[in-house]
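K.L.:
Dropping in input01.cif, with mmCIF, C-alpha atoms and all ligand atoms.
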```cif
data_query
#
loop_
_atom_site.label_atom_id
_atom_site.label_comp_id
_atom_site.auth_asym_id
_atom_site.auth_seq_id
_atom_site.Cartn_x
_atom_site.Cartn_y
_atom_site.Cartn_z
CA MET A 1 24.60 108.14 95.75
CA ARG A 2 21.80 108.71 93.27
CA GLN A 3 19.85 105.66 92.18
CA LYS A 4 19.83 105.09 88.42
CA LEU A 5 16.51 105.58 86.59
CA VAL A 6 15.69 104.15 83.18
CA ALA A 7 12.42 105.45 81.73
CA GLY A 8 10.79 104.23 78.52
CA ASN A 9 9.00 106.87 76.49
CA TRP A 10 6.67 104.95 74.18
CA LYS A 11 5.52 108.14 72.42
CA SER A 12 2.40 107.64 70.24
CA ASN A 13 2.99 103.96 69.58
CA GLY A 14 0.97 100.83 70.27
CA ASN A 15 -2.56 99.77 71.08
CA SER A 16 -4.21 97.73 73.87
CA GLN A 17 -2.73 94.50 72.62
CA PHE A 18 0.74 96.00 72.40
CA VAL A 19 0.48 97.36 75.95
CA GLU A 20 -0.43 93.87 77.21
CA GLN A 21 2.35 92.20 75.25
CA LEU A 22 5.13 94.62 76.15
CA LEU A 23 4.23 94.92 79.83
CA GLY A 24 3.66 91.15 79.97
CA ALA A 25 7.16 90.58 78.61
CA LEU A 26 8.72 93.11 81.02
CA LYS A 27 6.94 91.51 83.97
CA ALA A 28 7.88 87.99 82.90
CA HIS A 29 11.56 89.00 82.88
CA SER A 30 11.49 91.45 85.77
CA ASP A 31 14.05 89.29 87.59
CA GLN A 32 16.54 90.65 85.04
CA VAL A 33 15.99 94.19 86.32
CA PRO A 34 18.57 94.94 88.97
CA SER A 35 16.98 96.07 92.24
CA GLU A 36 19.27 99.11 92.38
CA VAL A 37 17.86 100.47 89.10
CA GLU A 38 14.48 102.20 89.02
CA VAL A 39 12.55 101.45 85.83
CA ALA A 40 9.60 103.43 84.51
CA VAL A 41 7.37 103.06 81.47
CA CYS A 42 5.48 105.96 79.92
CA PRO A 43 2.72 104.61 77.66
CA PRO A 44 0.26 106.86 75.82
CA LEU A 45 -2.22 108.59 78.08
CA VAL A 46 -5.25 106.44 77.25
CA TYR A 47 -3.42 103.28 78.30
CA LEU A 48 -2.18 104.53 81.67
CA ALA A 49 -5.01 102.97 83.68
CA LYS A 50 -4.58 99.66 81.89
CA ALA A 51 -0.82 99.79 82.42
CA GLU A 52 -1.31 100.55 86.11
CA GLU A 53 -3.50 97.45 86.46
CA LEU A 54 -0.95 95.30 84.65
CA LEU A 55 1.98 96.64 86.67
CA ARG A 56 0.31 96.59 90.09
CA GLY A 57 2.47 94.80 92.65
CA THR A 58 5.62 95.11 90.54
CA ALA A 59 8.54 97.52 91.00
CA PHE A 60 7.96 99.22 87.63
CA LEU A 61 7.02 102.87 87.88
CA LEU A 62 4.40 104.46 85.66
CA GLY A 63 4.87 107.76 83.89
CA ALA A 64 2.86 110.02 81.58
CA GLN A 65 4.33 111.71 78.52
CA ASN A 66 2.60 115.04 79.00
CA VAL A 67 0.33 116.95 81.39
CA SER A 68 -1.85 120.04 81.34
CA ALA A 69 -0.43 123.42 82.36
CA PHE A 70 -3.79 124.07 84.07
CA GLU A 71 -4.79 122.81 87.48
CA GLU A 72 -8.43 121.93 86.72
CA GLY A 73 -11.56 123.35 85.12
CA ALA A 74 -12.80 124.26 81.65
CA TYR A 75 -9.82 123.16 79.55
CA THR A 76 -11.31 120.78 76.98
CA GLY A 77 -9.09 117.85 76.20
CA GLU A 78 -6.54 118.53 78.92
CA VAL A 79 -5.46 115.95 81.49
CA THR A 80 -4.30 117.37 84.81
CA ALA A 81 -1.48 116.38 87.12
CA SER A 82 -3.88 115.30 89.85
CA MET A 83 -5.69 113.03 87.36
CA LEU A 84 -2.37 111.40 86.48
CA LYS A 85 -1.69 110.90 90.17
CA ASP A 86 -5.20 109.48 90.56
CA VAL A 87 -4.65 106.78 87.90
CA GLY A 88 -1.40 105.69 89.52
CA CYS A 89 1.38 107.64 87.78
CA GLN A 90 4.55 108.52 89.64
CA LEU A 91 6.35 110.45 86.88
CA VAL A 92 5.48 112.90 84.12
CA ILE A 93 7.66 113.88 81.18
CA VAL A 94 7.58 117.65 80.68
CA GLY A 95 9.05 119.69 77.84
CA HIS A 96 10.00 116.88 75.48
CA THR A 97 11.49 118.29 72.29
CA GLU A 98 8.55 116.94 70.28
CA ARG A 99 6.21 119.04 72.45
CA ARG A 100 8.47 122.05 71.93
CA SER A 101 8.88 121.73 68.16
CA LEU A 102 5.67 120.03 67.00
CA MET A 103 3.13 121.38 69.52
CA SER A 104 4.73 124.82 69.96
CA GLU A 105 4.91 124.48 73.73
CA GLU A 106 7.15 126.91 75.54
CA GLU A 107 9.07 127.32 78.77
CA ALA A 108 6.39 129.32 80.57
CA GLN A 109 4.01 126.38 80.18
CA PHE A 110 6.71 123.95 81.28
CA ALA A 111 7.27 125.97 84.45
CA ASP A 112 3.53 125.76 85.20
CA LYS A 113 3.44 122.06 84.41
CA ILE A 114 6.42 121.31 86.65
CA ARG A 115 4.86 123.28 89.49
CA LEU A 116 1.55 121.40 89.19
CA VAL A 117 3.26 118.02 88.82
CA LEU A 118 5.23 118.58 92.03
CA GLN A 119 2.14 119.91 93.77
CA ALA A 120 0.27 116.71 92.84
CA GLY A 121 3.03 114.64 94.44
CA LEU A 122 4.52 113.41 91.16
CA GLN A 123 8.03 113.65 89.77
CA PRO A 124 8.55 115.78 86.65
CA VAL A 125 11.11 114.55 84.11
CA TYR A 126 12.04 117.85 82.49
CA CYS A 127 13.71 117.58 79.08
CA VAL A 128 16.22 120.08 77.75
CA GLY A 129 18.48 119.94 74.72
CA GLU A 130 19.99 121.89 71.86
CA THR A 131 19.41 121.58 68.12
CA LEU A 132 22.24 120.72 65.73
CA GLU A 133 22.47 124.35 64.58
CA GLN A 134 22.75 125.54 68.16
CA ARG A 135 25.51 123.00 68.85
CA ARG A 136 27.37 124.03 65.70
CA ARG A 137 27.20 127.64 66.81
CA GLY A 138 28.76 126.63 70.16
CA GLU A 139 25.55 127.38 72.07
CA ALA A 140 24.73 123.94 73.47
CA LEU A 141 25.54 124.74 77.10
CA LYS A 142 23.88 128.16 76.98
CA VAL A 143 20.67 126.76 75.47
CA CYS A 144 20.45 123.89 77.98
CA ARG A 145 21.17 126.23 80.88
CA GLU A 146 18.46 128.68 79.80
CA GLN A 147 15.89 125.95 79.22
CA LEU A 148 16.63 124.42 82.60
CA LEU A 149 16.41 127.69 84.54
CA ALA A 150 13.16 128.68 82.81
CA GLY A 151 11.52 125.32 83.46
CA VAL A 152 12.40 125.18 87.16
CA ALA A 153 11.44 128.81 87.79
CA ALA A 154 8.72 127.87 90.27
CA VAL A 155 10.48 124.96 91.99
CA THR A 156 11.32 125.47 95.67
CA PRO A 157 14.49 124.04 97.24
CA GLU A 158 12.26 121.73 99.34
CA ASP A 159 10.77 120.19 96.17
CA ALA A 160 14.00 120.18 94.18
CA SER A 161 15.08 116.65 95.06
CA ARG A 162 11.95 115.27 93.36
CA LEU A 163 12.91 116.87 90.08
CA VAL A 164 14.42 114.73 87.31
CA VAL A 165 16.16 116.40 84.38
CA ALA A 166 16.73 114.73 81.00
CA TYR A 167 19.36 116.01 78.59
CA GLU A 168 18.12 115.15 75.13
CA PRO A 169 20.08 116.71 72.29
CA VAL A 170 17.47 117.24 69.57
CA TRP A 171 19.85 115.95 66.90
CA ALA A 172 20.24 112.61 68.69
CA ILE A 173 16.55 111.81 69.15
CA GLY A 174 15.29 109.00 66.95
CA THR A 175 18.21 109.53 64.57
CA GLY A 176 20.46 106.66 65.63
CA GLU A 177 23.12 109.25 66.34
CA THR A 178 24.14 109.33 70.01
CA ALA A 179 26.03 112.17 71.62
CA SER A 180 29.59 111.16 72.51
CA PRO A 181 30.38 110.41 76.16
CA GLU A 182 32.45 113.64 76.28
CA GLN A 183 29.56 115.73 74.93
CA VAL A 184 27.11 114.11 77.34
CA GLN A 185 29.30 114.54 80.42
CA GLU A 186 30.06 118.16 79.53
CA VAL A 187 26.37 119.08 79.34
CA HIS A 188 25.40 117.02 82.40
CA ALA A 189 28.13 118.64 84.50
CA CYS A 190 26.93 122.05 83.34
CA LEU A 191 23.32 121.19 84.24
CA ARG A 192 24.44 119.93 87.66
CA GLN A 193 26.26 123.23 88.22
CA VAL A 194 23.15 125.22 87.24
CA LEU A 195 21.12 123.11 89.69
CA ARG A 196 23.69 123.77 92.43
CA GLU A 197 23.52 127.50 91.85
CA ARG A 198 19.73 127.32 91.99
CA PHE A 199 19.09 124.73 94.72
CA GLY A 200 22.33 124.39 96.69
CA GLU A 201 23.20 120.94 97.93
CA GLN A 202 19.77 119.55 96.94
CA ALA A 203 21.23 119.53 93.43
CA ASP A 204 23.26 116.43 94.28
CA LEU A 205 20.00 114.50 94.77
CA ILE A 206 18.55 115.43 91.38
CA LYS A 207 18.81 112.75 88.73
CA ILE A 208 20.00 113.87 85.30
CA LEU A 209 19.13 111.36 82.57
CA TYR A 210 20.51 111.19 79.07
CA GLY A 211 18.17 110.57 76.13
CA GLY A 212 18.79 110.28 72.41
CA SER A 213 19.29 106.97 70.59
CA VAL A 214 20.23 105.04 73.73
CA LYS A 215 20.44 101.31 73.02
CA ALA A 216 21.78 98.25 74.79
CA ALA A 217 25.04 98.68 72.88
CA ASN A 218 25.83 102.17 74.21
CA ALA A 219 23.91 102.36 77.51
CA ARG A 220 26.64 101.09 79.82
CA GLU A 221 29.23 103.59 78.65
CA LEU A 222 26.77 106.49 78.96
CA PHE A 223 25.36 105.44 82.34
CA ALA A 224 28.89 105.15 83.75
CA LEU A 225 29.56 108.88 83.25
CA PRO A 226 29.78 110.72 86.59
CA ASP A 227 26.79 113.00 86.08
CA VAL A 228 24.56 110.57 84.18
CA ASP A 229 21.92 108.96 86.38
CA GLY A 230 20.17 106.82 83.79
CA GLY A 231 18.31 107.32 80.55
CA LEU A 232 15.12 108.37 78.83
CA ILE A 233 14.62 105.78 76.12
CA GLY A 234 12.41 106.20 73.06
CA GLY A 235 12.55 103.65 70.24
CA ALA A 236 14.48 101.02 72.20
CA SER A 237 11.86 101.00 74.96
CA LEU A 238 9.33 99.43 72.57
CA VAL A 239 11.24 96.13 72.45
CA ALA A 240 11.23 94.27 75.77
CA GLU A 241 14.57 92.52 75.32
CA GLU A 242 16.38 95.69 74.30
CA PHE A 243 14.79 97.76 77.06
CA LEU A 244 15.66 95.17 79.71
CA ALA A 245 19.25 95.08 78.47
CA ILE A 246 19.40 98.88 78.85
CA CYS A 247 18.01 98.58 82.39
CA LYS A 248 20.72 96.05 83.23
CA ALA A 249 23.34 98.52 82.03
CA GLY A 250 22.41 100.65 85.03
CA ILE A 251 24.06 98.25 87.48
CA ASN A 252 27.34 99.45 88.87
CA ALA A 253 27.56 101.82 85.94
P1 LIG B 301 15.06 107.81 71.08
O1 LIG B 301 14.11 108.88 71.80
O2 LIG B 301 15.61 106.93 72.16
O3 LIG B 301 14.16 107.07 70.12
O4 LIG B 301 16.13 108.58 70.38
C1 LIG B 301 14.44 109.43 73.04
C2 LIG B 301 13.35 110.38 73.48
O5 LIG B 301 12.76 111.05 72.61
O6 LIG B 301 13.06 110.49 74.68
#
```
Now that the file is in, can you turn its structure into structure tokens?
Ligand code: PGA
P.N.:
Amino acid sequence: MRQKLVAGNWKSNGNSQFVEQLLGALKAHSDQVPSEVEVAVCPPLVYLAKAEELLRGTAFLLGAQNVSAFEEGAYTGEVTASMLKDVGCQLVIVGHTERRSLMSEEEAQFADKIRLVLQAGLQPVYCVGETLEQRRRGEALKVCREQLLAGVAAVTPEDASRLVVAYEPVWAIGTGETASPEQVQEVHACLRQVLRERFGEQADLIKILYGGSVKAANARELFALPDVDGGLIGGASLVAEEFLAICKAGINA
């Protein structure tokens, strides 16, 4: 039985005061978070150390939104996986669609990032997902399959269980439009099958999250799908009450 994971991706939002307020509110109501659901927050990079201090002693996990594809050295501006580990992160989002489309990052870099993240003892949350045009052309499964295989190219079966995959259809991110439960389950089942072909029975330990306009109102139905192991939450993770309600939707879902 895979434990549900709900991860909040704050993107480039907030400031020091916001970090204190939001984490303060999450901590104050942490009794609402069911113990069987793992909850992570991914604030902007510069606030990770502050967030770690604020979350110390709680069950909340800390994640970064991005990581360097280089191990260490002369790479001005880059933050490495071992640095993220050093400041107390447990998770790192890799390959988010905004990195793919706005920062021109590609699969070869994601494969390097995932390798370094695992090597540093962190869990990568690797995002895959099709655009609306690709879905309309009937290529959703093919695109997700290819992105997944390329990203995990360097992952060994021993490390596979630490991998987390997030299916995030590009057309559902920040748009208010959520993929239907049938669409989500179809892609998740396909991703699970790809993971089985690649990693054997380890695949059953790998969490596959759904992301794209998840809110309290639709989380329970999505999280109850057989191959959905939680969610990667953007906009709704910036509001404590809404995020906590999504976390609660992970119980017995
Ligand atoms: P959203 O973002 O929940 O605001 O759609 C999800 C994501 O980008 O991870």
K.L.:
Enclose ligand LIG 301 (chain B), meaning all of its atoms listed in the file, in a box aligned along x, y and z, pad it by 8 Å on each side, and list the centre and edge lengths in Å to one decimal, as JSON.
P.N.:
```
{"center_x": 14.4, "center_y": 109.0, "center_z": 72.4, "size_x": 19.4, "size_y": 20.1, "size_z": 20.6}
```
K.L.:
By how many Å are CA of Ser12 in chain A and CA of Gln65 in chain A apart?
P.N.:
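Taking CA of Ser12 in chain A as the start and CA of Gln65 in chain A as the end point, the length is 9.4 Å.
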K.L.:
Env of range 207-214 of chain A: 6 Å cut, atoms = only C-alpha atoms, seq-sep filter 3 positions within chain, self excluded. Answer as a ChimeraX atom specification.
P.N.:
/A:164-168,172-174,176,178,219,228-233
K.L.:
Counting only C-alpha atoms, what is within 9 Å of range 236-240 of chain A, bar same-chain residues fewer than 3 positions away, as JSON, numbers by chain?
P.N.:
{"A": [7, 8, 9, 10, 13, 14, 22, 23, 25, 26, 29, 41, 213, 214, 215, 216, 232, 233, 243, 244, 245, 246]}
K.L.:
Between A:Trp171, A:Leu149, A:Gln21, A:His96, which one has atoms that come closest to Leu132 in chain A, using all atoms listed in the file?
P.N.:
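So, comparing all the options, the nearest one is A:Trp171.
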K.L.:
Counting all atoms listed in the file, figure out which residue out of A:Ser101, A:Thr156, A:Gln90, A:Ser30 gets nearest to Lys248 in chain A.
P.N.:
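Checking each of A:Ser101, A:Thr156, A:Gln90, A:Ser30 against Lys248 in chain A, counting all atoms listed in the file, the winner is A:Ser30.
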K.L.:
Select range 22-83 of chain A in the preceding structure and write C-alpha atoms to a file as a PDB file, in the first residue's frame.
P.N.:
```
ATOM      1  CA  LEU A  22       1.587  30.199   5.665  1.00  0.00           C
ATOM      2  CA  LEU A  23       3.836  27.785   7.541  1.00  0.00           C
ATOM      3  CA  GLY A  24       2.556  29.199  10.844  1.00  0.00           C
ATOM      4  CA  ALA A  25      -1.012  28.466   9.755  1.00  0.00           C
ATOM      5  CA  LEU A  26      -0.127  24.946   8.550  1.00  0.00           C
ATOM      6  CA  LYS A  27       1.648  24.188  11.824  1.00  0.00           C
ATOM      7  CA  ALA A  28      -1.184  25.603  13.931  1.00  0.00           C
ATOM      8  CA  HIS A  29      -3.623  23.245  12.203  1.00  0.00           C
ATOM      9  CA  SER A  30      -1.311  20.289  11.708  1.00  0.00           C
ATOM     10  CA  ASP A  31      -3.683  18.155  13.799  1.00  0.00           C
ATOM     11  CA  GLN A  32      -5.979  18.289  10.755  1.00  0.00           C
ATOM     12  CA  VAL A  33      -3.378  16.487   8.650  1.00  0.00           C
ATOM     13  CA  PRO A  34      -4.056  12.775   8.785  1.00  0.00           C
ATOM     14  CA  SER A  35      -1.017  10.798   9.936  1.00  0.00           C
ATOM     15  CA  GLU A  36      -1.334   8.441   6.964  1.00  0.00           C
ATOM     16  CA  VAL A  37      -0.822  11.302   4.489  1.00  0.00           C
ATOM     17  CA  GLU A  38       2.656  12.704   3.843  1.00  0.00           C
ATOM     18  CA  VAL A  39       2.615  16.459   3.268  1.00  0.00           C
ATOM     19  CA  ALA A  40       5.396  18.485   1.686  1.00  0.00           C
ATOM     20  CA  VAL A  41       5.837  22.178   0.954  1.00  0.00           C
ATOM     21  CA  CYS A  42       8.127  23.495  -1.773  1.00  0.00           C
ATOM     22  CA  PRO A  43       8.817  27.198  -1.168  1.00  0.00           C
ATOM     23  CA  PRO A  44      11.134  29.264  -3.368  1.00  0.00           C
ATOM     24  CA  LEU A  45      14.790  28.356  -3.018  1.00  0.00           C
ATOM     25  CA  VAL A  46      15.856  31.368  -0.948  1.00  0.00           C
ATOM     26  CA  TYR A  47      13.298  30.554   1.746  1.00  0.00           C
ATOM     27  CA  LEU A  48      14.190  26.878   2.166  1.00  0.00           C
ATOM     28  CA  ALA A  49      16.460  27.417   5.173  1.00  0.00           C
ATOM     29  CA  LYS A  50      13.874  29.603   6.857  1.00  0.00           C
ATOM     30  CA  ALA A  51      11.144  27.062   6.109  1.00  0.00           C
ATOM     31  CA  GLU A  52      13.302  24.267   7.516  1.00  0.00           C
ATOM     32  CA  GLU A  53      13.696  26.203  10.768  1.00  0.00           C
ATOM     33  CA  LEU A  54       9.968  26.860  10.982  1.00  0.00           C
ATOM     34  CA  LEU A  55       9.042  23.251  10.218  1.00  0.00           C
ATOM     35  CA  ARG A  56      11.645  21.572  12.436  1.00  0.00           C
ATOM     36  CA  GLY A  57      10.057  18.982  14.708  1.00  0.00           C
ATOM     37  CA  THR A  58       6.897  18.738  12.589  1.00  0.00           C
ATOM     38  CA  ALA A  59       5.902  15.988  10.153  1.00  0.00           C
ATOM     39  CA  PHE A  60       5.889  18.352   7.155  1.00  0.00           C
ATOM     40  CA  LEU A  61       8.456  17.522   4.509  1.00  0.00           C
ATOM     41  CA  LEU A  62      10.448  20.173   2.695  1.00  0.00           C
ATOM     42  CA  GLY A  63      10.977  20.216  -1.043  1.00  0.00           C
ATOM     43  CA  ALA A  64      12.765  22.388  -3.602  1.00  0.00           C
ATOM     44  CA  GLN A  65      11.239  23.377  -6.939  1.00  0.00           C
ATOM     45  CA  ASN A  66      14.376  22.906  -8.998  1.00  0.00           C
ATOM     46  CA  VAL A  67      17.988  21.733  -8.782  1.00  0.00           C
ATOM     47  CA  SER A  68      21.163  22.003 -10.806  1.00  0.00           C
ATOM     48  CA  ALA A  69      22.029  19.348 -13.401  1.00  0.00           C
ATOM     49  CA  PHE A  70      25.656  19.703 -12.224  1.00  0.00           C
ATOM     50  CA  GLU A  71      27.150  18.055  -9.184  1.00  0.00           C
ATOM     51  CA  GLU A  72      29.334  20.952  -7.974  1.00  0.00           C
ATOM     52  CA  GLY A  73      31.890  23.463  -9.211  1.00  0.00           C
ATOM     53  CA  ALA A  74      31.988  26.523 -11.452  1.00  0.00           C
ATOM     54  CA  TYR A  75      28.292  26.820 -12.360  1.00  0.00           C
ATOM     55  CA  THR A  76      27.378  30.378 -11.379  1.00  0.00           C
ATOM     56  CA  GLY A  77      23.918  30.674  -9.920  1.00  0.00           C
ATOM     57  CA  GLU A  78      23.256  26.955  -9.679  1.00  0.00           C
ATOM     58  CA  VAL A  79      22.145  25.200  -6.495  1.00  0.00           C
ATOM     59  CA  THR A  80      23.166  21.565  -6.230  1.00  0.00           C
ATOM     60  CA  ALA A  81      21.330  18.532  -4.905  1.00  0.00           C
ATOM     61  CA  SER A  82      23.771  18.122  -2.019  1.00  0.00           C
ATOM     62  CA  MET A  83      23.177  21.767  -1.002  1.00  0.00           C
TER      63      MET A  83
END
```
